[in-house]
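Q: My structure is below; once you've seen it, I'll send some questions.
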Amino acid sequence: MPKCSKSEKIEDALLWECPVGEILPNPSDYKSSLIALTAHNWLFRISATTGKVLEKIYLASYCKFRYLSWDTPQEVIAVKSAQNKGSVLARQAGIQQPVLLYLAVFHVLPFSLIGILEINKKIFGNVTDATLSHGILIVMYSSGLVRLYSFQAITEQFMQQKLDLGCACRWGGTAGTVGEAPFGIPCNIKITDTPPLLFEVSSLENAFQIGGHPWHYIITPNKKKQKGVFHICALKDNSLAKNGIQEMECCSLESDWIYFHPDASGRIIHVGPNQVKVLKLNEVENNSAQHQISEDFVILANREKNKNENLPTVTASGRVVKRTFNLLDDDPEQETFKIVDYEDELDLLSVVAVTQIDAEGKAHLDFHCNEYGTLLKSIPLVESWDVTYSHEVYFDRDLVLHIEQKPSRVFSCYVYQMVCDPGEEETTNRSCEKE
């Protein structure tokens with residue numbers, strides 16, 4: 001299997017599905033692929049079945065690209081650069097870099113360039129971060145302000161030149177081939193005036209989610225004491241949905257998180273250390289203008305109450321001492337939910353649960369019916385799970401990838417492939433039935 005050399009350390013990766021029912025220009029476009037970003041600004045498209053490098057693109061030398069994400073799942077990807085802090089001498093002299101970061105945007109069917117966009121402080125003000133999601137440019141500020149702009153409108157208005165991968169190009173007095181080293185991809189989308197604002201809202205730590213039917217958004221009120229409190233509001237008039245304040249009663253070191261379900265059902269997933277709540281967004285009876293939040297189903301961690309908890313202790317002198325402490329909800333010795341994901345083709349929710357056993361953590365991946373939450377299958381992960389490391393788990397059809405980041409940016413990747421066991425056919429073919 002072809003591999004990246006040691007100098008091509010992988011920074012981030014995404015899995016691209018094999019398309020169905022579409023006519024594409026190249027045979028390799030039909031292969032399910034892993035999109036990988038290296039530490040030296042190369043973007044590799046690797047066959048998910050053979051590991052062969054199908055395509056490689058050199059991004060640029062003028063910035064350091066670091067993050068991969070779906071703008072629109074299975075359609076458009078965005079590659080974000082690290083933020084431009086400027087040199088130490090420039091910062092000491094009070095010289096600010098006007099360009100905060102760059103976003104390189106690509107279609108994946110077939111793989112083609114849309115453009116590279118710069119986020120300039122001269123246009124957006126004292127912006128602290130920016131990202132793309134579902135065709136929306138989301139710009140964030142230190143005050144908690146979040147502003148939304150149409151990426152399509154920006155490209156139509158501010159694209160300086162259409163660029164095609166593999167084609168000759170002359171840019172700024174330099175000639176080269178787009179996507180090949182050392183020329184790379186010029187920044188061809190430069191905003192010269194403030195684009196039309198679609199929407200703005202203030203939220204604690206810039207936390208902002210948008211989705212639902214009709215459109216709603218989720219924020220945390222911009223006050224520190226409101227951390228862990230989520231407001232679900234209508235996008236059209238900012239009105240709070242009925243039961244739209246969601247707060248999970250938990251005491252934990254890590255915060256719970258909430259987001260719109262990626263299955264486009266309009267539901268909401270709220271994840272805490274010991275429970276996963278799936279919420280519905282429905283019209284209020286006799287009032288179609290207002291919507292309400294109600295519980296669809298809940299997935300609970302498998303926990304047994306500690307029998308020794310709060311039992312009295314007798315000291316050597318015979319004095320009885322009653323312990324009154326309680327464990328945190330995300331205590332490592334209790335089963336704790338770490339990752340929740342959705343597989344669209346199988347219509348399954350995947351939940352990673354971790355328990356610290358003696359000196360090491362053990363994890364298992366549970367598959368739940370997306371409609372009713374019924375547990376269908378549980379798969380133990382062979383490798384240990386160190387809760388002090390960063391972990392990512394990806395589930396795609398019959399493949400499970402566990403990526404572990406250790407200190408000094410050392411990565412380990414564990415790959416599981418599921419096969420049909422005739423002895424478990426009755427178990428694996430269980431239908432989703434509401435309990």
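If you're wondering about the labels, chains in the structure tokens are A, B, ... by order shown, residues count from 1 in each chain, ligands from 1 in order shown.
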Could you pull out all residues of region 63-186 of chain A with a DSSP call of alpha helix (DSSP H) and give them as a compact mmCIF listing (two decimals) with N, CA and C atoms, in the first residue's frame?
A:
```txt
# COMPACT_ATOMS: atom_id res chain seq x y z
N VAL A 88 7.17 37.55 15.67
CA VAL A 88 7.34 38.10 17.02
C VAL A 88 7.72 39.57 16.95
N LEU A 89 8.62 39.91 16.03
CA LEU A 89 9.04 41.30 15.90
C LEU A 89 7.89 42.20 15.48
N ALA A 90 7.05 41.69 14.58
CA ALA A 90 5.91 42.48 14.13
C ALA A 90 4.92 42.72 15.27
N ARG A 91 4.70 41.67 16.08
CA ARG A 91 3.78 41.84 17.22
C ARG A 91 4.36 42.81 18.24
N GLN A 92 5.68 42.73 18.49
CA GLN A 92 6.30 43.65 19.44
C GLN A 92 6.23 45.09 18.95
N LYS A 121 -9.22 41.29 8.35
CA LYS A 121 -9.73 42.14 9.44
C LYS A 121 -10.11 43.54 8.96
N LYS A 122 -9.53 43.98 7.85
CA LYS A 122 -9.90 45.30 7.32
C LYS A 122 -11.34 45.31 6.83
N ILE A 123 -11.87 44.12 6.48
CA ILE A 123 -13.24 44.03 6.00
C ILE A 123 -14.19 43.66 7.14
N PHE A 124 -13.81 42.66 7.92
CA PHE A 124 -14.73 42.12 8.94
C PHE A 124 -14.52 42.71 10.33
N PHE A 151 -21.82 32.35 1.28
CA PHE A 151 -20.57 32.09 0.58
C PHE A 151 -20.75 32.17 -0.93
N GLN A 152 -21.90 31.73 -1.42
CA GLN A 152 -22.17 31.80 -2.86
C GLN A 152 -22.16 33.25 -3.34
N ALA A 153 -22.83 34.13 -2.58
CA ALA A 153 -22.85 35.54 -2.96
C ALA A 153 -21.45 36.14 -2.94
N ILE A 154 -20.63 35.71 -1.99
CA ILE A 154 -19.26 36.21 -1.90
C ILE A 154 -18.44 35.76 -3.10
N THR A 155 -18.55 34.49 -3.49
CA THR A 155 -17.78 34.01 -4.64
C THR A 155 -18.23 34.70 -5.93
N GLU A 156 -19.52 34.91 -6.08
CA GLU A 156 -20.02 35.56 -7.30
C GLU A 156 -19.55 37.00 -7.40
N GLN A 157 -19.42 37.66 -6.26
CA GLN A 157 -19.08 39.08 -6.28
C GLN A 157 -17.57 39.33 -6.23
N PHE A 158 -16.82 38.47 -5.54
CA PHE A 158 -15.43 38.81 -5.25
C PHE A 158 -14.40 37.84 -5.81
```
Q: Report as a list in words all protein, DNA and RNA residues lying within 7 Å of Leu117 (chain A), evaluated on only C-alpha atoms, omitting residues in the same chain fewer than 4 positions from it.
A: Tyr102, Leu103, Ala104, Cys187, Asn188, Ile189 and Lys190 of chain A
Q: Take the residues from that selection and put them in a file with N, CA and C atoms, as an mmCIF file, in the first residue's frame.
A:
```cif
data_model
loop_
_atom_site.group_PDB
_atom_site.id
_atom_site.type_symbol
_atom_site.label_atom_id
_atom_site.label_comp_id
_atom_site.auth_asym_id
_atom_site.auth_seq_id
_atom_site.Cartn_x
_atom_site.Cartn_y
_atom_site.Cartn_z
ATOM 1 N N TYR A 102 -7.131 31.653 5.987
ATOM 2 C CA TYR A 102 -7.591 31.333 4.637
ATOM 3 C C TYR A 102 -8.484 30.096 4.677
ATOM 4 N N LEU A 103 -9.443 30.048 3.758
ATOM 5 C CA LEU A 103 -10.317 28.886 3.591
ATOM 6 C C LEU A 103 -10.225 28.417 2.147
ATOM 7 N N ALA A 104 -9.737 27.190 1.943
ATOM 8 C CA ALA A 104 -9.705 26.583 0.603
ATOM 9 C C ALA A 104 -10.928 25.686 0.474
ATOM 10 N N CYS A 187 -4.724 32.727 -3.874
ATOM 11 C CA CYS A 187 -5.953 33.176 -3.200
ATOM 12 C C CYS A 187 -6.752 34.006 -4.194
ATOM 13 N N ASN A 188 -7.805 33.396 -4.737
ATOM 14 C CA ASN A 188 -8.550 34.037 -5.827
ATOM 15 C C ASN A 188 -9.880 34.647 -5.392
ATOM 16 N N ILE A 189 -10.198 34.599 -4.090
ATOM 17 C CA ILE A 189 -11.425 35.236 -3.597
ATOM 18 C C ILE A 189 -11.014 36.236 -2.520
ATOM 19 N N LYS A 190 -10.941 37.507 -2.892
ATOM 20 C CA LYS A 190 -10.540 38.558 -1.962
ATOM 21 C C LYS A 190 -11.675 39.563 -1.823
#
```
Q: Using only C-alpha atoms, which protein or nucleic acid residues come within 10 Å of region 402-407 of chain A? Drop anything in the same chain fewer than 2 positions from it, and give the result as a PDB file with all heavy atoms, in the first residue's frame.
A:
```
ATOM      1  N   LEU A 381     -13.849  -1.994  21.747  1.00  0.00           N
ATOM      2  CA  LEU A 381     -12.614  -1.602  21.082  1.00  0.00           C
ATOM      3  C   LEU A 381     -11.449  -2.296  21.772  1.00  0.00           C
ATOM      4  O   LEU A 381     -11.333  -2.284  23.002  1.00  0.00           O
ATOM      5  CB  LEU A 381     -12.440  -0.081  21.129  1.00  0.00           C
ATOM      6  CG  LEU A 381     -13.555   0.750  20.476  1.00  0.00           C
ATOM      7  CD1 LEU A 381     -13.188   2.232  20.486  1.00  0.00           C
ATOM      8  CD2 LEU A 381     -13.846   0.278  19.055  1.00  0.00           C
ATOM      9  N   GLU A 383      -8.128  -1.721  21.673  1.00  0.00           N
ATOM     10  CA  GLU A 383      -7.087  -0.882  22.258  1.00  0.00           C
ATOM     11  C   GLU A 383      -7.613  -0.173  23.511  1.00  0.00           C
ATOM     12  O   GLU A 383      -8.807   0.041  23.679  1.00  0.00           O
ATOM     13  CB  GLU A 383      -6.597   0.153  21.239  1.00  0.00           C
ATOM     14  CG  GLU A 383      -7.628   1.193  20.838  1.00  0.00           C
ATOM     15  CD  GLU A 383      -8.582   0.730  19.750  1.00  0.00           C
ATOM     16  OE1 GLU A 383      -8.538  -0.464  19.393  1.00  0.00           O
ATOM     17  OE2 GLU A 383      -9.375   1.566  19.275  1.00  0.00           O
ATOM     18  N   TRP A 385      -8.116   3.045  26.083  1.00  0.00           N
ATOM     19  CA  TRP A 385      -8.575   4.413  25.826  1.00  0.00           C
ATOM     20  C   TRP A 385      -8.079   5.292  26.966  1.00  0.00           C
ATOM     21  O   TRP A 385      -8.595   5.220  28.072  1.00  0.00           O
ATOM     22  CB  TRP A 385     -10.089   4.450  25.732  1.00  0.00           C
ATOM     23  CG  TRP A 385     -10.678   5.775  25.341  1.00  0.00           C
ATOM     24  CD1 TRP A 385     -10.671   6.931  26.083  1.00  0.00           C
ATOM     25  CD2 TRP A 385     -11.374   6.102  24.124  1.00  0.00           C
ATOM     26  NE1 TRP A 385     -11.314   7.939  25.414  1.00  0.00           N
ATOM     27  CE2 TRP A 385     -11.749   7.463  24.204  1.00  0.00           C
ATOM     28  CE3 TRP A 385     -11.715   5.378  22.996  1.00  0.00           C
ATOM     29  CZ2 TRP A 385     -12.473   8.105  23.202  1.00  0.00           C
ATOM     30  CZ3 TRP A 385     -12.420   6.012  21.986  1.00  0.00           C
ATOM     31  CH2 TRP A 385     -12.793   7.352  22.088  1.00  0.00           C
ATOM     32  N   ASP A 386      -7.065   6.079  26.694  1.00  0.00           N
ATOM     33  CA  ASP A 386      -6.536   6.994  27.702  1.00  0.00           C
ATOM     34  C   ASP A 386      -7.368   8.279  27.669  1.00  0.00           C
ATOM     35  O   ASP A 386      -7.386   8.997  26.667  1.00  0.00           O
ATOM     36  CB  ASP A 386      -5.063   7.310  27.413  1.00  0.00           C
ATOM     37  CG  ASP A 386      -4.385   8.054  28.550  1.00  0.00           C
ATOM     38  OD1 ASP A 386      -5.020   8.937  29.147  1.00  0.00           O
ATOM     39  OD2 ASP A 386      -3.211   7.752  28.848  1.00  0.00           O
ATOM     40  N   THR A 388      -6.909  11.033  28.926  1.00  0.00           N
ATOM     41  CA  THR A 388      -6.142  12.278  28.857  1.00  0.00           C
ATOM     42  C   THR A 388      -5.706  12.603  27.427  1.00  0.00           C
ATOM     43  O   THR A 388      -5.189  13.695  27.176  1.00  0.00           O
ATOM     44  CB  THR A 388      -4.890  12.199  29.755  1.00  0.00           C
ATOM     45  OG1 THR A 388      -4.009  11.183  29.254  1.00  0.00           O
ATOM     46  CG2 THR A 388      -5.281  11.876  31.187  1.00  0.00           C
ATOM     47  N   TYR A 389      -5.907  11.679  26.485  1.00  0.00           N
ATOM     48  CA  TYR A 389      -5.565  11.920  25.084  1.00  0.00           C
ATOM     49  C   TYR A 389      -6.790  12.423  24.321  1.00  0.00           C
ATOM     50  O   TYR A 389      -7.928  12.263  24.766  1.00  0.00           O
ATOM     51  CB  TYR A 389      -5.057  10.637  24.411  1.00  0.00           C
ATOM     52  CG  TYR A 389      -3.764  10.083  24.970  1.00  0.00           C
ATOM     53  CD1 TYR A 389      -3.365   8.785  24.657  1.00  0.00           C
ATOM     54  CD2 TYR A 389      -2.934  10.844  25.793  1.00  0.00           C
ATOM     55  CE1 TYR A 389      -2.181   8.254  25.168  1.00  0.00           C
ATOM     56  CE2 TYR A 389      -1.754  10.325  26.292  1.00  0.00           C
ATOM     57  CZ  TYR A 389      -1.383   9.025  25.985  1.00  0.00           C
ATOM     58  OH  TYR A 389      -0.221   8.519  26.475  1.00  0.00           O
ATOM     59  N   SER A 390      -6.533  12.990  23.158  1.00  0.00           N
ATOM     60  CA  SER A 390      -7.612  13.401  22.271  1.00  0.00           C
ATOM     61  C   SER A 390      -7.994  12.229  21.364  1.00  0.00           C
ATOM     62  O   SER A 390      -7.118  11.542  20.827  1.00  0.00           O
ATOM     63  CB  SER A 390      -7.158  14.592  21.416  1.00  0.00           C
ATOM     64  OG  SER A 390      -8.135  14.942  20.465  1.00  0.00           O
ATOM     65  N   HIS A 391      -9.291  11.993  21.202  1.00  0.00           N
ATOM     66  CA  HIS A 391      -9.771  10.858  20.418  1.00  0.00           C
ATOM     67  C   HIS A 391     -10.824  11.302  19.406  1.00  0.00           C
ATOM     68  O   HIS A 391     -11.625  12.194  19.676  1.00  0.00           O
ATOM     69  CB  HIS A 391     -10.395   9.792  21.322  1.00  0.00           C
ATOM     70  CG  HIS A 391      -9.470   9.205  22.330  1.00  0.00           C
ATOM     71  ND1 HIS A 391      -8.774   8.031  22.113  1.00  0.00           N
ATOM     72  CD2 HIS A 391      -9.117   9.621  23.574  1.00  0.00           C
ATOM     73  CE1 HIS A 391      -8.041   7.756  23.169  1.00  0.00           C
ATOM     74  NE2 HIS A 391      -8.235   8.706  24.073  1.00  0.00           N
ATOM     75  N   GLU A 392     -10.823  10.644  18.256  1.00  0.00           N
ATOM     76  CA  GLU A 392     -11.886  10.794  17.267  1.00  0.00           C
ATOM     77  C   GLU A 392     -12.264   9.408  16.770  1.00  0.00           C
ATOM     78  O   GLU A 392     -11.388   8.566  16.548  1.00  0.00           O
ATOM     79  CB  GLU A 392     -11.444  11.668  16.092  1.00  0.00           C
ATOM     80  CG  GLU A 392     -11.142  13.113  16.468  1.00  0.00           C
ATOM     81  CD  GLU A 392     -10.675  13.915  15.265  1.00  0.00           C
ATOM     82  OE1 GLU A 392     -11.259  13.750  14.179  1.00  0.00           O
ATOM     83  OE2 GLU A 392      -9.717  14.694  15.418  1.00  0.00           O
ATOM     84  N   VAL A 393     -13.556   9.163  16.605  1.00  0.00           N
ATOM     85  CA  VAL A 393     -14.037   7.886  16.077  1.00  0.00           C
ATOM     86  C   VAL A 393     -14.974   8.170  14.915  1.00  0.00           C
ATOM     87  O   VAL A 393     -15.923   8.955  15.047  1.00  0.00           O
ATOM     88  CB  VAL A 393     -14.766   7.059  17.160  1.00  0.00           C
ATOM     89  CG1 VAL A 393     -15.363   5.791  16.544  1.00  0.00           C
ATOM     90  CG2 VAL A 393     -13.797   6.681  18.280  1.00  0.00           C
ATOM     91  N   TYR A 394     -14.708   7.544  13.768  1.00  0.00           N
ATOM     92  CA  TYR A 394     -15.524   7.710  12.577  1.00  0.00           C
ATOM     93  C   TYR A 394     -16.146   6.364  12.204  1.00  0.00           C
ATOM     94  O   TYR A 394     -15.463   5.339  12.211  1.00  0.00           O
ATOM     95  CB  TYR A 394     -14.685   8.237  11.402  1.00  0.00           C
ATOM     96  CG  TYR A 394     -14.032   9.569  11.675  1.00  0.00           C
ATOM     97  CD1 TYR A 394     -12.694   9.635  12.081  1.00  0.00           C
ATOM     98  CD2 TYR A 394     -14.732  10.756  11.544  1.00  0.00           C
ATOM     99  CE1 TYR A 394     -12.078  10.848  12.347  1.00  0.00           C
ATOM    100  CE2 TYR A 394     -14.131  11.982  11.800  1.00  0.00           C
ATOM    101  CZ  TYR A 394     -12.813  12.020  12.194  1.00  0.00           C
ATOM    102  OH  TYR A 394     -12.205  13.230  12.460  1.00  0.00           O
ATOM    103  N   PHE A 395     -17.407   6.390  11.876  1.00  0.00           N
ATOM    104  CA  PHE A 395     -18.142   5.179  11.509  1.00  0.00           C
ATOM    105  C   PHE A 395     -18.750   5.400  10.125  1.00  0.00           C
ATOM    106  O   PHE A 395     -19.521   6.332   9.921  1.00  0.00           O
ATOM    107  CB  PHE A 395     -19.230   4.913  12.562  1.00  0.00           C
ATOM    108  CG  PHE A 395     -20.213   3.843  12.181  1.00  0.00           C
ATOM    109  CD1 PHE A 395     -19.816   2.678  11.549  1.00  0.00           C
ATOM    110  CD2 PHE A 395     -21.566   3.995  12.477  1.00  0.00           C
ATOM    111  CE1 PHE A 395     -20.725   1.703  11.202  1.00  0.00           C
ATOM    112  CE2 PHE A 395     -22.490   3.029  12.132  1.00  0.00           C
ATOM    113  CZ  PHE A 395     -22.069   1.882  11.498  1.00  0.00           C
ATOM    114  N   VAL A 400     -14.875   1.285  10.864  1.00  0.00           N
ATOM    115  CA  VAL A 400     -14.772   2.126  12.049  1.00  0.00           C
ATOM    116  C   VAL A 400     -13.320   2.562  12.187  1.00  0.00           C
ATOM    117  O   VAL A 400     -12.415   1.720  12.170  1.00  0.00           O
ATOM    118  CB  VAL A 400     -15.231   1.385  13.324  1.00  0.00           C
ATOM    119  CG1 VAL A 400     -14.981   2.246  14.568  1.00  0.00           C
ATOM    120  CG2 VAL A 400     -16.705   1.011  13.229  1.00  0.00           C
ATOM    121  N   ARG A 409       2.064  15.431  19.410  1.00  0.00           N
ATOM    122  CA  ARG A 409       1.386  15.224  18.124  1.00  0.00           C
ATOM    123  C   ARG A 409       1.734  13.880  17.493  1.00  0.00           C
ATOM    124  O   ARG A 409       1.957  13.757  16.291  1.00  0.00           O
ATOM    125  CB  ARG A 409       1.682  16.370  17.153  1.00  0.00           C
ATOM    126  CG  ARG A 409       1.093  17.687  17.601  1.00  0.00           C
ATOM    127  CD  ARG A 409       1.218  18.762  16.546  1.00  0.00           C
ATOM    128  NE  ARG A 409       0.455  18.450  15.352  1.00  0.00           N
ATOM    129  CZ  ARG A 409      -0.861  18.641  15.222  1.00  0.00           C
ATOM    130  NH1 ARG A 409      -1.568  19.114  16.235  1.00  0.00           N
ATOM    131  NH2 ARG A 409      -1.467  18.357  14.099  1.00  0.00           N
ATOM    132  N   VAL A 410       1.772  12.843  18.324  1.00  0.00           N
ATOM    133  CA  VAL A 410       1.943  11.470  17.840  1.00  0.00           C
ATOM    134  C   VAL A 410       0.556  10.858  17.695  1.00  0.00           C
ATOM    135  O   VAL A 410      -0.236  10.843  18.638  1.00  0.00           O
ATOM    136  CB  VAL A 410       2.787  10.631  18.822  1.00  0.00           C
ATOM    137  CG1 VAL A 410       2.855   9.180  18.364  1.00  0.00           C
ATOM    138  CG2 VAL A 410       4.197  11.224  18.933  1.00  0.00           C
ATOM    139  N   PHE A 411       0.246  10.359  16.490  1.00  0.00           N
ATOM    140  CA  PHE A 411      -1.081   9.844  16.200  1.00  0.00           C
ATOM    141  C   PHE A 411      -1.049   8.323  16.027  1.00  0.00           C
ATOM    142  O   PHE A 411      -0.096   7.780  15.469  1.00  0.00           O
ATOM    143  CB  PHE A 411      -1.648  10.465  14.914  1.00  0.00           C
ATOM    144  CG  PHE A 411      -1.995  11.928  15.045  1.00  0.00           C
ATOM    145  CD1 PHE A 411      -1.011  12.892  14.966  1.00  0.00           C
ATOM    146  CD2 PHE A 411      -3.302  12.332  15.240  1.00  0.00           C
ATOM    147  CE1 PHE A 411      -1.321  14.245  15.077  1.00  0.00           C
ATOM    148  CE2 PHE A 411      -3.622  13.668  15.347  1.00  0.00           C
ATOM    149  CZ  PHE A 411      -2.621  14.632  15.273  1.00  0.00           C
ATOM    150  N   SER A 412      -2.107   7.676  16.503  1.00  0.00           N
ATOM    151  CA  SER A 412      -2.326   6.254  16.232  1.00  0.00           C
ATOM    152  C   SER A 412      -3.703   6.116  15.600  1.00  0.00           C
ATOM    153  O   SER A 412      -4.656   6.773  16.022  1.00  0.00           O
ATOM    154  CB  SER A 412      -2.260   5.427  17.517  1.00  0.00           C
ATOM    155  OG  SER A 412      -0.981   5.490  18.097  1.00  0.00           O
ATOM    156  N   CYS A 413      -3.800   5.259  14.582  1.00  0.00           N
ATOM    157  CA  CYS A 413      -5.074   5.045  13.897  1.00  0.00           C
ATOM    158  C   CYS A 413      -5.406   3.556  13.926  1.00  0.00           C
ATOM    159  O   CYS A 413      -4.616   2.726  13.480  1.00  0.00           O
ATOM    160  CB  CYS A 413      -5.014   5.538  12.456  1.00  0.00           C
ATOM    161  SG  CYS A 413      -6.574   5.327  11.552  1.00  0.00           S
ATOM    162  N   TYR A 414      -6.574   3.206  14.478  1.00  0.00           N
ATOM    163  CA  TYR A 414      -7.043   1.829  14.561  1.00  0.00           C
ATOM    164  C   TYR A 414      -8.233   1.673  13.616  1.00  0.00           C
ATOM    165  O   TYR A 414      -9.183   2.459  13.673  1.00  0.00           O
ATOM    166  CB  TYR A 414      -7.456   1.492  15.991  1.00  0.00           C
ATOM    167  CG  TYR A 414      -6.390   1.798  17.023  1.00  0.00           C
ATOM    168  CD1 TYR A 414      -6.333   3.045  17.643  1.00  0.00           C
ATOM    169  CD2 TYR A 414      -5.440   0.854  17.385  1.00  0.00           C
ATOM    170  CE1 TYR A 414      -5.362   3.340  18.595  1.00  0.00           C
ATOM    171  CE2 TYR A 414      -4.464   1.134  18.335  1.00  0.00           C
ATOM    172  CZ  TYR A 414      -4.431   2.383  18.930  1.00  0.00           C
ATOM    173  OH  TYR A 414      -3.478   2.676  19.865  1.00  0.00           O
ATOM    174  N   VAL A 415      -8.173   0.675  12.754  1.00  0.00           N
ATOM    175  CA  VAL A 415      -9.215   0.479  11.747  1.00  0.00           C
ATOM    176  C   VAL A 415      -9.919  -0.852  11.995  1.00  0.00           C
ATOM    177  O   VAL A 415      -9.266  -1.892  12.123  1.00  0.00           O
ATOM    178  CB  VAL A 415      -8.626   0.503  10.314  1.00  0.00           C
ATOM    179  CG1 VAL A 415      -9.742   0.330   9.281  1.00  0.00           C
ATOM    180  CG2 VAL A 415      -7.870   1.810  10.076  1.00  0.00           C
ATOM    181  N   TYR A 416     -11.234  -0.809  12.067  1.00  0.00           N
ATOM    182  CA  TYR A 416     -12.049  -2.009  12.237  1.00  0.00           C
ATOM    183  C   TYR A 416     -12.940  -2.165  11.001  1.00  0.00           C
ATOM    184  O   TYR A 416     -13.485  -1.176  10.495  1.00  0.00           O
ATOM    185  CB  TYR A 416     -12.967  -1.894  13.463  1.00  0.00           C
ATOM    186  CG  TYR A 416     -12.257  -1.844  14.789  1.00  0.00           C
ATOM    187  CD1 TYR A 416     -11.682  -0.658  15.246  1.00  0.00           C
ATOM    188  CD2 TYR A 416     -12.183  -2.964  15.611  1.00  0.00           C
ATOM    189  CE1 TYR A 416     -11.041  -0.589  16.471  1.00  0.00           C
ATOM    190  CE2 TYR A 416     -11.553  -2.912  16.846  1.00  0.00           C
ATOM    191  CZ  TYR A 416     -10.979  -1.719  17.271  1.00  0.00           C
ATOM    192  OH  TYR A 416     -10.361  -1.667  18.481  1.00  0.00           O
TER     193      TYR A 416
END
```
Q: Tell me which protein, DNA and RNA residues are within 6 Å of region 57-60 of chain A, counting only C-alpha atoms, leaving out same-chain ones fewer than 3 positions away, and put them as a ChimeraX atom specification.
A: /A:41-43,179-181,184-185
Q: Could you please take those selected residues and save N, CA, C and O atoms as a CSV table (one decimal), in the first residue's frame?
A:
```csv
chain,number,residue,atom,x,y,z
A,41,ASN,N,1.1,21.0,3.7
A,41,ASN,CA,0.1,21.6,2.8
A,41,ASN,C,-0.2,20.8,1.6
A,41,ASN,O,-0.7,21.4,0.6
A,42,TRP,N,0.0,19.5,1.6
A,42,TRP,CA,-0.5,18.7,0.5
A,42,TRP,C,-1.9,18.1,0.9
A,42,TRP,O,-2.1,17.7,2.1
A,43,LEU,N,-2.7,18.0,-0.1
A,43,LEU,CA,-4.1,17.4,0.1
A,43,LEU,C,-4.0,16.1,-0.7
A,43,LEU,O,-3.9,16.2,-1.9
A,179,GLY,N,-2.3,23.8,-8.3
A,179,GLY,CA,-2.4,22.6,-7.5
A,179,GLY,C,-1.1,21.8,-7.5
A,179,GLY,O,-1.0,20.7,-6.8
A,180,GLU,N,-0.1,22.3,-8.2
A,180,GLU,CA,1.2,21.6,-8.2
A,180,GLU,C,2.3,22.5,-7.5
A,180,GLU,O,2.2,23.7,-7.5
A,181,ALA,N,3.2,21.8,-6.9
A,181,ALA,CA,4.3,22.5,-6.2
A,181,ALA,C,5.3,23.1,-7.2
A,181,ALA,O,5.5,22.4,-8.2
A,184,GLY,N,1.2,26.0,-6.3
A,184,GLY,CA,0.0,25.8,-5.4
A,184,GLY,C,-1.2,26.4,-6.0
A,184,GLY,O,-1.5,26.4,-7.2
A,185,ILE,N,-2.1,27.0,-5.1
A,185,ILE,CA,-3.3,27.6,-5.5
A,185,ILE,C,-3.3,29.1,-5.0
A,185,ILE,O,-3.3,29.3,-3.8
```
Q: Taking 6 positions as the minimum chain separation for residues in the same chain, which residues sit within 7 Å of region 275-283 of chain A when counting only C-alpha atoms? Answer as a PyMOL selection string.
A: chain A and resi 266-269+290-301
Q: Might you pull out every residue within 12 Å of Ile136 (chain A), with only C-alpha atoms counted and same-chain residues fewer than 5 positions away left off, and present them as a list in words?
A: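 Counting only the stated atoms, we get Trp70, Asp71, Thr72, Val76, Ala78, Ala130, Thr131, Val146, Arg147, Leu148, Tyr149, Ser150, Phe151, Gln152, Ala153, Ile154, Thr155, Leu197, Leu198, Phe199, Gln209 and Ile210 of chain A.
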Q: Determine the nearest neighbour of Asp347 (chain A) from the options A:Ser265, A:Ser384, A:Asn206, A:Asn274, counting only C-alpha atoms.
A: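 Of A:Ser265, A:Ser384, A:Asn206, A:Asn274, the one nearest Asp347 (chain A), counting only C-alpha atoms, is A:Ser265.
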Q: Go ahead and compute the interatomic distance for CA of Tyr342 (chain A) and CA of Pro262 (chain A), in Å to one decimal.
A: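 Straight-line distance from CA of Tyr342 (chain A) to CA of Pro262 (chain A) works out to 7.0 Å.
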Q: Choose the residue, out of A:His261, A:Arg397, A:His107, A:His270, that has the smallest atom-to-atom separation from Phe367 (chain A); count only C-alpha atoms.
A: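 Nearest to Phe367 (chain A): A:Arg397.
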Q: Nearest residue to Ser288 (chain A) out of A:Ala241, A:Ile232, A:Cys250, A:Val351, using only C-alpha atoms?
A: A:Ala241
Q: Check the smallest atom-to-atom distance from each of A:Glu247, A:Asp396, A:Asp237, A:Asp358 to Val201 (chain A) using only C-alpha atoms, then report the winner.
A: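 Closest residue, counting only C-alpha atoms: A:Asp237.
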